[in-house]
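Structure below is protein.cif: mmCIF, C-alpha atoms (C1' of nucleotides) and all ligand atoms.
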data_query
#
loop_
_atom_site.label_atom_id
_atom_site.label_comp_id
_atom_site.auth_asym_id
_atom_site.auth_seq_id
_atom_site.Cartn_x
_atom_site.Cartn_y
_atom_site.Cartn_z
CA MET A 1 112.18 66.34 91.98
CA SER A 2 108.89 65.79 90.15
CA HIS A 3 108.01 66.63 86.60
CA HIS A 4 106.08 69.68 87.72
CA HIS A 5 108.96 71.08 89.74
CA THR A 6 111.12 70.82 86.66
CA ALA A 7 108.54 72.73 84.62
CA LEU A 8 108.32 75.40 87.30
CA LEU A 9 112.09 75.73 87.56
CA ALA A 10 112.47 76.14 83.80
CA ASN A 11 109.76 78.79 83.73
CA LEU A 12 111.28 80.72 86.63
CA ARG A 13 114.86 80.64 85.38
CA ASP A 14 113.79 82.27 82.11
CA GLN A 15 112.67 85.33 84.02
CA GLY A 16 115.38 85.66 86.63
CA ARG A 17 113.01 84.41 89.31
CA ARG A 18 113.72 81.97 92.13
CA LEU A 19 112.60 78.55 93.25
CA THR A 20 111.93 78.94 96.96
CA PRO A 21 110.86 76.23 99.43
CA GLN A 22 107.55 78.10 99.80
CA ARG A 23 106.83 77.87 96.08
CA GLU A 24 107.77 74.19 95.97
CA ILE A 25 105.42 73.38 98.84
CA VAL A 26 102.48 75.29 97.32
CA LEU A 27 102.96 73.62 93.94
CA SER A 28 103.24 70.14 95.43
CA VAL A 29 100.05 70.65 97.46
CA ILE A 30 98.14 71.52 94.29
CA CYS A 31 99.72 68.58 92.45
CA ALA A 32 98.65 66.23 95.22
CA SER A 33 95.02 67.40 95.08
CA ALA A 34 92.64 65.55 92.82
CA GLY A 35 90.23 68.31 91.75
CA HIS A 36 89.59 72.00 92.35
CA ILE A 37 90.97 73.43 95.57
CA SER A 38 90.55 76.84 97.20
CA ALA A 39 93.36 79.11 98.32
CA GLU A 40 92.24 78.70 101.91
CA GLU A 41 92.42 74.90 101.66
CA ILE A 42 95.83 75.17 99.98
CA LEU A 43 97.03 77.32 102.88
CA THR A 44 95.73 74.74 105.38
CA ARG A 45 97.51 71.87 103.64
CA VAL A 46 100.68 73.87 103.20
CA ARG A 47 100.74 74.59 106.93
CA ALA A 48 100.39 70.92 107.77
CA ARG A 49 103.93 70.66 106.44
CA TYR A 50 105.34 74.09 107.19
CA PRO A 51 103.25 75.75 109.92
CA TYR A 52 104.68 79.26 109.70
CA LEU A 53 104.37 79.82 105.96
CA ASN A 54 102.69 83.19 105.44
CA LYS A 55 99.44 83.54 103.52
CA SER A 56 100.86 86.35 101.36
CA ALA A 57 103.46 83.96 99.99
CA VAL A 58 100.72 81.45 99.15
CA TYR A 59 98.58 84.02 97.32
CA ARG A 60 101.58 85.42 95.47
CA THR A 61 102.65 81.92 94.44
CA LEU A 62 99.16 81.12 93.19
CA ASP A 63 99.20 84.26 91.03
CA LEU A 64 102.60 83.25 89.69
CA LEU A 65 101.58 79.67 88.90
CA ALA A 66 98.49 80.97 87.10
CA GLN A 67 100.54 83.43 85.09
CA LEU A 68 102.94 80.64 84.09
CA ASN A 69 99.89 78.58 83.13
CA LEU A 70 100.88 75.68 85.39
CA VAL A 71 97.56 75.87 87.22
CA ASN A 72 94.14 77.12 86.17
CA VAL A 73 91.97 79.43 88.25
CA THR A 74 88.19 79.28 88.05
CA ASP A 75 85.31 80.92 89.86
CA PHE A 76 82.36 78.56 90.17
CA GLY A 77 80.16 81.26 91.62
CA GLU A 78 81.17 80.61 95.22
CA GLY A 79 82.78 84.02 95.46
CA ARG A 80 86.30 82.59 95.64
CA ALA A 81 88.81 81.19 93.18
CA LEU A 82 89.46 77.47 92.83
CA TYR A 83 92.81 76.15 91.63
CA GLU A 84 93.65 72.99 89.69
CA MET A 85 96.75 71.64 87.93
CA HIS A 86 96.60 71.83 84.17
CA ARG A 87 96.18 68.19 83.30
CA ASP A 88 95.35 66.26 80.14
CA PRO A 89 92.79 65.58 78.90
CA HIS A 90 91.35 69.06 79.35
CA HIS A 91 87.75 69.62 80.33
CA HIS A 92 85.20 72.39 80.85
CA HIS A 93 82.34 73.00 83.24
CA LEU A 94 78.77 74.06 82.42
CA ILE A 95 77.19 75.88 85.38
CA CYS A 96 73.47 76.58 85.69
CA ARG A 97 72.95 80.13 86.95
CA LYS A 98 69.57 79.14 88.39
CA CYS A 99 70.17 75.83 90.21
CA ARG A 100 74.01 75.82 90.23
CA LYS A 101 74.16 72.31 88.76
CA ILE A 102 77.57 71.62 87.21
CA THR A 103 78.10 69.40 84.16
CA ASN A 104 81.47 68.55 82.63
CA THR A 105 82.36 68.51 78.93
CA ASP A 106 85.59 67.62 77.21
CA ALA A 107 87.97 70.12 75.66
CA SER A 108 87.23 69.32 72.03
CA ILE A 109 84.25 71.68 71.88
CA PHE A 110 86.59 74.69 71.68
CA GLU A 111 88.98 73.39 69.03
CA SER A 112 87.39 75.31 66.18
CA ILE A 113 87.35 78.55 68.13
CA GLU A 114 90.97 78.14 69.12
CA LYS A 115 91.93 77.87 65.45
CA LEU A 116 89.73 80.82 64.50
CA LEU A 117 91.24 83.09 67.16
CA ARG A 118 94.73 82.09 66.16
CA ALA A 119 94.12 82.61 62.46
CA GLU A 120 92.13 85.81 62.70
CA TYR A 121 93.69 87.62 65.67
CA GLY A 122 97.02 85.84 66.17
CA PHE A 123 95.72 85.15 69.68
CA HIS A 124 96.83 81.92 71.38
CA ALA A 125 93.87 81.31 73.64
CA ASP A 126 94.08 79.31 76.88
CA LEU A 127 90.89 77.37 76.29
CA ASP A 128 91.76 74.45 78.50
CA HIS A 129 89.49 75.12 81.47
CA PHE A 130 86.35 77.16 81.05
CA ALA A 131 83.42 77.79 83.39
CA ILE A 132 80.44 78.41 81.13
CA TRP A 133 77.34 79.91 82.69
CA GLY A 134 73.80 79.41 81.43
CA LEU A 135 70.63 77.47 82.09
CA CYS A 136 70.55 73.70 82.39
CA ARG A 137 67.95 71.70 80.47
CA LYS A 138 65.54 71.56 83.40
CA CYS A 139 65.74 75.24 84.35
CA ALA A 140 65.47 76.38 80.71
CA ARG A 141 62.29 74.32 80.40
CA ASN A 142 60.80 75.86 83.56
CA ARG A 143 61.18 79.34 82.06
CA LYS A 144 57.95 78.50 80.18
CA THR A 145 59.96 78.25 76.92
CA MET B 1 60.13 104.35 83.30
CA SER B 2 62.78 103.06 80.92
CA HIS B 3 62.84 99.85 78.97
CA HIS B 4 65.28 98.32 81.41
CA HIS B 5 63.16 99.11 84.43
CA THR B 6 60.28 97.34 82.77
CA ALA B 7 62.46 94.28 82.15
CA LEU B 8 63.60 94.32 85.77
CA LEU B 9 60.08 94.67 87.09
CA ALA B 10 58.82 91.74 85.04
CA ASN B 11 61.70 89.58 86.21
CA LEU B 12 61.15 90.47 89.84
CA ARG B 13 57.39 90.03 89.87
CA ASP B 14 57.79 86.44 88.63
CA GLN B 15 59.65 85.58 91.79
CA GLY B 16 57.73 87.49 94.41
CA ARG B 17 60.55 90.01 94.67
CA ARG B 18 60.28 93.79 94.96
CA LEU B 19 61.29 96.85 92.98
CA THR B 20 62.89 99.13 95.53
CA PRO B 21 64.25 102.66 94.95
CA GLN B 22 67.73 101.28 95.72
CA ARG B 23 67.46 98.71 92.94
CA GLU B 24 66.17 101.27 90.47
CA ILE B 25 69.04 103.64 91.20
CA VAL B 26 71.68 100.92 90.83
CA LEU B 27 70.20 99.71 87.55
CA SER B 28 69.95 103.20 86.10
CA VAL B 29 73.58 103.96 87.01
CA ILE B 30 74.72 100.89 85.10
CA CYS B 31 72.43 101.78 82.18
CA ALA B 32 73.90 105.27 82.04
CA SER B 33 77.49 103.96 81.92
CA ALA B 34 79.02 103.36 78.51
CA GLY B 35 81.35 100.44 79.18
CA HIS B 36 82.54 98.25 82.06
CA ILE B 37 82.17 99.71 85.53
CA SER B 38 83.33 98.47 88.93
CA ALA B 39 81.12 98.01 91.99
CA GLU B 40 83.06 100.73 93.74
CA GLU B 41 82.42 103.20 90.91
CA ILE B 42 78.75 102.18 90.85
CA LEU B 43 78.55 102.90 94.57
CA THR B 44 80.14 106.33 94.06
CA ARG B 45 77.69 107.27 91.30
CA VAL B 46 74.73 105.90 93.24
CA ARG B 47 75.68 108.07 96.21
CA ALA B 48 75.84 111.18 94.04
CA ARG B 49 72.08 110.78 93.87
CA TYR B 50 71.26 109.08 97.15
CA PRO B 51 74.13 109.65 99.61
CA TYR B 52 73.09 107.22 102.31
CA LEU B 53 72.50 104.15 100.20
CA ASN B 54 74.34 101.27 101.84
CA LYS B 55 77.03 99.30 100.04
CA SER B 56 75.43 95.96 100.99
CA ALA B 57 72.34 96.93 99.01
CA VAL B 58 74.50 97.75 96.00
CA TYR B 59 76.37 94.45 96.12
CA ARG B 60 73.17 92.49 96.64
CA THR B 61 71.51 94.29 93.73
CA LEU B 62 74.49 93.58 91.48
CA ASP B 63 74.24 89.87 92.31
CA LEU B 64 70.54 89.97 91.55
CA LEU B 65 70.94 91.77 88.21
CA ALA B 66 73.61 89.28 87.20
CA GLN B 67 71.39 86.35 88.16
CA LEU B 68 68.54 87.82 86.11
CA ASN B 69 71.03 88.24 83.26
CA LEU B 70 70.32 91.96 82.90
CA VAL B 71 74.00 92.77 83.42
CA ASN B 72 77.16 90.80 82.79
CA VAL B 73 80.03 90.45 85.26
CA THR B 74 83.60 90.00 84.10
CA ASP B 75 87.00 89.85 85.74
CA PHE B 76 89.66 91.39 83.53
CA GLY B 77 92.42 90.33 85.86
CA GLU B 78 92.28 93.46 88.00
CA GLY B 79 91.13 91.46 91.00
CA ARG B 80 87.65 92.92 90.98
CA ALA B 81 84.47 92.41 88.97
CA LEU B 82 83.36 94.80 86.24
CA TYR B 83 79.68 95.20 85.35
CA GLU B 84 78.08 96.10 82.01
CA MET B 85 74.52 96.12 80.68
CA HIS B 86 73.74 93.30 78.30
CA ARG B 87 73.56 95.17 75.00
CA ASP B 88 73.38 94.13 71.37
CA PRO B 89 75.46 93.46 69.44
CA HIS B 90 77.33 91.23 71.86
CA HIS B 91 81.11 91.14 72.02
CA HIS B 92 83.96 89.32 73.73
CA HIS B 93 87.38 90.31 75.02
CA LEU B 94 90.72 88.60 74.38
CA ILE B 95 93.18 89.29 77.23
CA CYS B 96 96.91 88.62 77.02
CA ARG B 97 98.08 87.02 80.25
CA LYS B 98 101.61 88.36 79.66
CA CYS B 99 101.13 92.01 78.65
CA ARG B 100 97.44 92.45 79.60
CA LYS B 101 96.56 93.84 76.14
CA ILE B 102 92.82 93.57 75.47
CA THR B 103 91.32 92.98 72.00
CA ASN B 104 87.61 92.84 71.22
CA THR B 105 85.83 90.32 69.01
CA ASP B 106 82.21 90.06 68.03
CA ALA B 107 79.80 87.47 69.39
CA SER B 108 79.52 85.33 66.26
CA ILE B 109 82.61 83.30 67.12
CA PHE B 110 80.63 81.32 69.70
CA GLU B 111 77.54 80.58 67.63
CA SER B 112 78.59 77.04 66.73
CA ILE B 113 79.43 76.19 70.32
CA GLU B 114 76.14 77.56 71.56
CA LYS B 115 74.29 75.22 69.19
CA LEU B 116 76.50 72.28 70.14
CA LEU B 117 75.93 72.76 73.88
CA ARG B 118 72.19 73.12 73.37
CA ALA B 119 71.95 70.03 71.16
CA GLU B 120 74.28 67.78 73.12
CA TYR B 121 73.69 68.83 76.74
CA GLY B 122 70.40 70.77 76.61
CA PHE B 123 72.44 73.60 78.09
CA HIS B 124 71.45 77.18 77.19
CA ALA B 125 74.81 78.91 77.50
CA ASP B 126 75.17 82.61 78.25
CA LEU B 127 77.90 83.22 75.69
CA ASP B 128 77.28 86.92 75.27
CA HIS B 129 80.28 88.33 77.13
CA PHE B 130 83.43 86.28 77.54
CA ALA B 131 86.88 87.22 78.81
CA ILE B 132 89.27 84.86 77.05
CA TRP B 133 92.80 84.60 78.38
CA GLY B 134 95.83 83.65 76.34
CA LEU B 135 98.86 85.14 74.61
CA CYS B 136 98.63 87.96 72.08
CA ARG B 137 100.45 87.68 68.77
CA LYS B 138 103.48 89.61 69.99
CA CYS B 139 103.90 87.76 73.30
CA ALA B 140 103.39 84.36 71.67
CA ARG B 141 106.18 85.21 69.21
CA ASN B 142 108.53 86.24 72.02
CA ARG B 143 108.13 82.83 73.65
CA LYS B 144 110.74 81.70 71.04
CA THR B 145 107.95 79.84 69.16
"C1'" DC C 1 43.08 104.18 103.01
"C1'" DT C 2 44.77 100.78 106.58
"C1'" DC C 3 46.75 96.65 107.89
"C1'" DC C 4 49.81 92.80 107.40
"C1'" DT C 5 53.77 90.06 106.27
"C1'" DA C 6 57.55 88.50 103.75
"C1'" DA C 7 61.24 90.76 101.29
"C1'" DT C 8 64.69 94.09 101.69
"C1'" DT C 9 67.68 97.49 103.73
"C1'" DG C 10 71.15 99.39 106.94
"C1'" DC C 11 74.36 98.35 110.13
"C1'" DA C 12 78.32 96.45 112.32
"C1'" DA C 13 81.26 92.80 112.54
"C1'" DC C 14 83.59 89.76 109.81
"C1'" DT C 15 86.42 87.24 105.98
"C1'" DA C 16 89.34 86.74 101.85
"C1'" DG C 17 92.74 88.65 99.65
"C1'" DT C 18 96.23 92.76 98.79
"C1'" DT C 19 99.97 95.97 99.61
"C1'" DG C 20 104.20 98.50 101.19
"C1'" DC C 21 108.17 97.81 103.44
"C1'" DA C 22 111.96 95.99 106.32
"C1'" DA C 23 114.30 91.53 106.93
"C1'" DT C 24 115.76 87.45 104.72
"C1'" DT C 25 117.66 84.55 101.15
"C1'" DA C 26 118.40 82.21 96.29
"C1'" DG C 27 121.65 81.87 93.33
"C1'" DG C 28 125.37 83.86 90.67
"C1'" DA C 29 130.34 85.82 90.79
"C1'" DG C 30 134.81 85.43 92.52
"C1'" DC D 1 133.39 78.65 100.62
"C1'" DT D 2 132.25 83.76 100.94
"C1'" DC D 3 130.23 87.76 99.36
"C1'" DC D 4 126.77 90.42 97.05
"C1'" DT D 5 122.41 91.95 95.31
"C1'" DA D 6 118.00 91.62 93.47
"C1'" DA D 7 114.06 88.67 94.37
"C1'" DT D 8 111.20 87.02 97.86
"C1'" DT D 9 109.19 86.44 102.34
"C1'" DG D 10 106.81 87.78 106.66
"C1'" DC D 11 104.40 91.12 108.81
"C1'" DA D 12 100.93 94.40 109.86
"C1'" DA D 13 97.76 97.40 108.11
"C1'" DC D 14 94.53 97.81 104.73
"C1'" DT D 15 90.59 97.11 101.12
"C1'" DA D 16 86.70 94.81 98.76
"C1'" DG D 17 83.08 92.28 99.52
"C1'" DT D 18 79.95 89.19 102.72
"C1'" DT D 19 76.87 87.94 106.46
"C1'" DG D 20 73.46 87.77 110.35
"C1'" DC D 21 70.13 90.28 112.32
"C1'" DA D 22 66.98 94.00 113.83
"C1'" DA D 23 64.40 97.77 111.62
"C1'" DT D 24 62.01 99.17 107.60
"C1'" DT D 25 58.99 98.84 103.67
"C1'" DA D 26 56.83 97.09 98.99
"C1'" DG D 27 52.95 95.56 97.59
"C1'" DG D 28 48.90 92.66 98.19
"C1'" DA D 29 44.33 91.89 100.89
"C1'" DG D 30 40.41 93.85 102.88
MN MN E 1 88.02 71.48 86.30
MN MN E 2 82.48 94.16 77.36
ZN ZN E 3 69.45 74.51 86.47
ZN ZN E 4 100.71 90.18 75.06
#

Do you think you could lay out the structure here as structure tokens?
Ligand SMILES: [Mn+2]
Ligand SMILES: [Mn+2]
Ligand SMILES: [Zn+2]
Ligand SMILES: [Zn+2]
Amino acid sequence: MSHHHTALLANLRDQGRRLTPQREIVLSVICASAGHISAEEILTRVRARYPYLNKSAVYRTLDLLAQLNLVNVTDFGEGRALYEMHRDPHHHHLICRKCRKITNTDASIFESIEKLLRAEYGFHADLDHFAIWGLCRKCARNRKT
Amino acid sequence: MSHHHTALLANLRDQGRRLTPQREIVLSVICASAGHISAEEILTRVRARYPYLNKSAVYRTLDLLAQLNLVNVTDFGEGRALYEMHRDPHHHHLICRKCRKITNTDASIFESIEKLLRAEYGFHADLDHFAIWGLCRKCARNRKT
DNA sequence: CTCCTAATTGCAACTAGTTGCAATTAGGAG
DNA sequence: CTCCTAATTGCAACTAGTTGCAATTAGGAG
């Protein structure tokens, strides 16, 4: 049993919830994927191992894993959610709303804001995977600025 | 013709796009709404004035307005997008992933990051309406922290 | 004012994801 | 190991939003 299954199990037990084979398979598929992966692709890979697993169970598991903060969910403007394991070091994505170019940054840029939100609002922000929209250098220049 | 219609017209003309009655109606419905409003509710209000306007036109207009940055689009975890005019002063929302409580903050918290992204990546971030997930004070305390 | 054409709409069919409920089962009690 | 029950799954029906394409039209040219 991997490290992530242990984390899942601990989280579930706290809430009187159960570790089912379906949940284990979904989690391990996400663990085995390098980057961002869609629900549809997760379902495909899950079914390679367990052909009759229902899509409702996959979607419900994805919601659960997101709520437990084991995976992050991000919309990169494709009109569907992409899932990724929470891994260190954290990173963020800058997305150009004009040309859709994506640039990565590291997590440190949000450190000061995390402290501010905690100090001022008592809010423990999940700032470990942001999609930040805007204009890239090239597109901002073309706006005759 | 309102200030917002003028802004829309200018944006459209630049790109060889057109100001249609459908687009005007959708924009004015969002302008007339105080806070966040769903696409479904926009469609309902649009049809109060123009009963046969097609939902595709509404969704396509919403995409367009978002791309032109005249409205912001945010998912507050309800599984659907909410739309709001870009208005000053800007604000952000802190959402607890456990109890779904929503707290507002003002826009100034992101000023330093906006400068950093511009200086370091040449990226002009749209940081005027963020939904930040995390744990509120109460829920963070209950996690036996 | 009329004509023209590329942009846009309306439509119908489709896709991704959600929901309510009966059947199944994880996991605790004995 | 067996029983029990609340949590979960599978299913089928549903909803929100998307897409391709023919019909319409905004807005520019003459
Ligand atoms: Mn990522
Ligand atoms: Mn808002
Ligand atoms: Zn760009
Ligand atoms: Zn909370």

### Message
Tell me as a PyMOL selection string which residues belonging to chain C come within 9 Å of chain B, counting only C-alpha atoms (C1' of nucleotides).
### Response
chain C and resi 7-11

Neighbouring residues of segment 66-74 of chain B were defined as those with any atom within 6 Å, considering all atoms listed in the file; residues of the same chain fewer than 2 positions away were excluded. Please report them as a compact mmCIF listing (two decimals) with C-alpha atoms, in the coordinates of the input.
# COMPACT_ATOMS: atom_id res chain seq x y z
CA ASP B 63 74.24 89.87 92.31
CA LEU B 64 70.54 89.97 91.55
CA ALA B 81 84.47 92.41 88.97
CA LEU B 82 83.36 94.80 86.24
CA TYR B 83 79.68 95.20 85.35
CA GLU B 84 78.08 96.10 82.01
CA MET B 85 74.52 96.12 80.68
CA HIS B 86 73.74 93.30 78.30

### Task
Check which residues fall inside 9 Å of ligand ZN 3 (chain E) when counting all atoms listed in the file, and print them as a list in words.
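Residues satisfying the distance criterion: Ile95, Cys96, Arg97, Lys98, Cys99, Arg100, Lys101, Ile102, Gly134, Leu135, Cys136, Arg137, Lys138, Cys139 and Ala140 of chain A; Phe123 of chain B.
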
Could you turn the residues from that selection into a file that holds C-alpha atoms, as an mmCIF file, keeping the file's coordinate frame?
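The resulting file, result_14.cif, is shown below:
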data_model
loop_
_atom_site.group_PDB
_atom_site.id
_atom_site.type_symbol
_atom_site.label_atom_id
_atom_site.label_comp_id
_atom_site.auth_asym_id
_atom_site.auth_seq_id
_atom_site.Cartn_x
_atom_site.Cartn_y
_atom_site.Cartn_z
ATOM 1 C CA ILE A 95 77.190 75.880 85.380
ATOM 2 C CA CYS A 96 73.470 76.580 85.690
ATOM 3 C CA ARG A 97 72.950 80.130 86.950
ATOM 4 C CA LYS A 98 69.570 79.140 88.390
ATOM 5 C CA CYS A 99 70.170 75.830 90.210
ATOM 6 C CA ARG A 100 74.010 75.820 90.230
ATOM 7 C CA LYS A 101 74.160 72.310 88.760
ATOM 8 C CA ILE A 102 77.570 71.620 87.210
ATOM 9 C CA GLY A 134 73.800 79.410 81.430
ATOM 10 C CA LEU A 135 70.630 77.470 82.090
ATOM 11 C CA CYS A 136 70.550 73.700 82.390
ATOM 12 C CA ARG A 137 67.950 71.700 80.470
ATOM 13 C CA LYS A 138 65.540 71.560 83.400
ATOM 14 C CA CYS A 139 65.740 75.240 84.350
ATOM 15 C CA ALA A 140 65.470 76.380 80.710
ATOM 16 C CA PHE B 123 72.440 73.600 78.090
#

### Task
Using all atoms listed in the file, determine which residues lie at most 8 Å from Thr105 of chain B, disregarding the query and same-chain residues fewer than 5 positions distant; provide the list as a list in words.
His91, His92, His93 and Leu94 of chain B

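Closest approach to chain A among B:Cys31, B:Ala131, B:Leu9, B:Leu43 is made by B:Ala131 (distances from all atoms listed in the file).
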
### Task
Identify which of the residues B:Thr44, B:Thr103, B:Thr61, B:Ser38 lies closest to chain A, counting only C-alpha atoms when measuring atom-to-atom distances.
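Among the listed residues, B:Thr103 lies closest to chain A.
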
### Task
Could you tell me how far atom CA of Ala125 of chain A lies from atom CA of Ile132 of chain B, in Å and to one decimal?
6.7 Å

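We find atom C1' of DA13 of chain C and atom CA of Arg45 of chain B to be spaced 25.9 Å apart.
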
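Atom pair atom CA of Phe110 of chain A / atom CA of His124 of chain A has a distance of 12.5 Å (rounded to one decimal).
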
### Message
I need the residue nearest chain A from this list: B:Ala119, B:Ile113, B:Ala39, B:Ala48. Use only C-alpha atoms for the distance.
### Response
B:Ile113

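Near Asp88 of chain A, within 12 Å and counting all atoms listed in the file, sit Asp106, Ala107, Ser108, Asp128 and His129 of chain A, not including residues fewer than 6 positions from it in the same chain.
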
Could you give me the centre and size, in Å to one decimal, of an axis-aligned box around all listed atoms of segment 27-36 of chain B with 8 Å added on every side, as lines of an AutoDock Vina configuration file?
center_x = 76.2
center_y = 101.8
center_z = 83.0
size_x = 28.6
size_y = 23.0
size_z = 25.0

### Summary
Between B:Ser33, B:Ser28, B:Asn104, B:Thr6, smallest distance to chain A by only C-alpha atoms belongs to B:Asn104

### 12 Å contact set for DT5 of chain D, only C-alpha atoms (C1' of nucleotides), chain neighbours under 2 positions out, as a PyMOL selection string
(chain C and resi 25-29) or (chain D and resi 3+7)

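Minimum atom-to-atom distance to chain A, evaluated using all atoms listed in the file, belongs to B:Asp14 out of B:Pro89, B:Glu41, B:Val26, B:Asp14.
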
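If you measure from each of A:His5, A:Arg49, A:Asn11, A:Pro21 to chain B using all atoms listed in the file, the closest one turns out to be A:Asn11.
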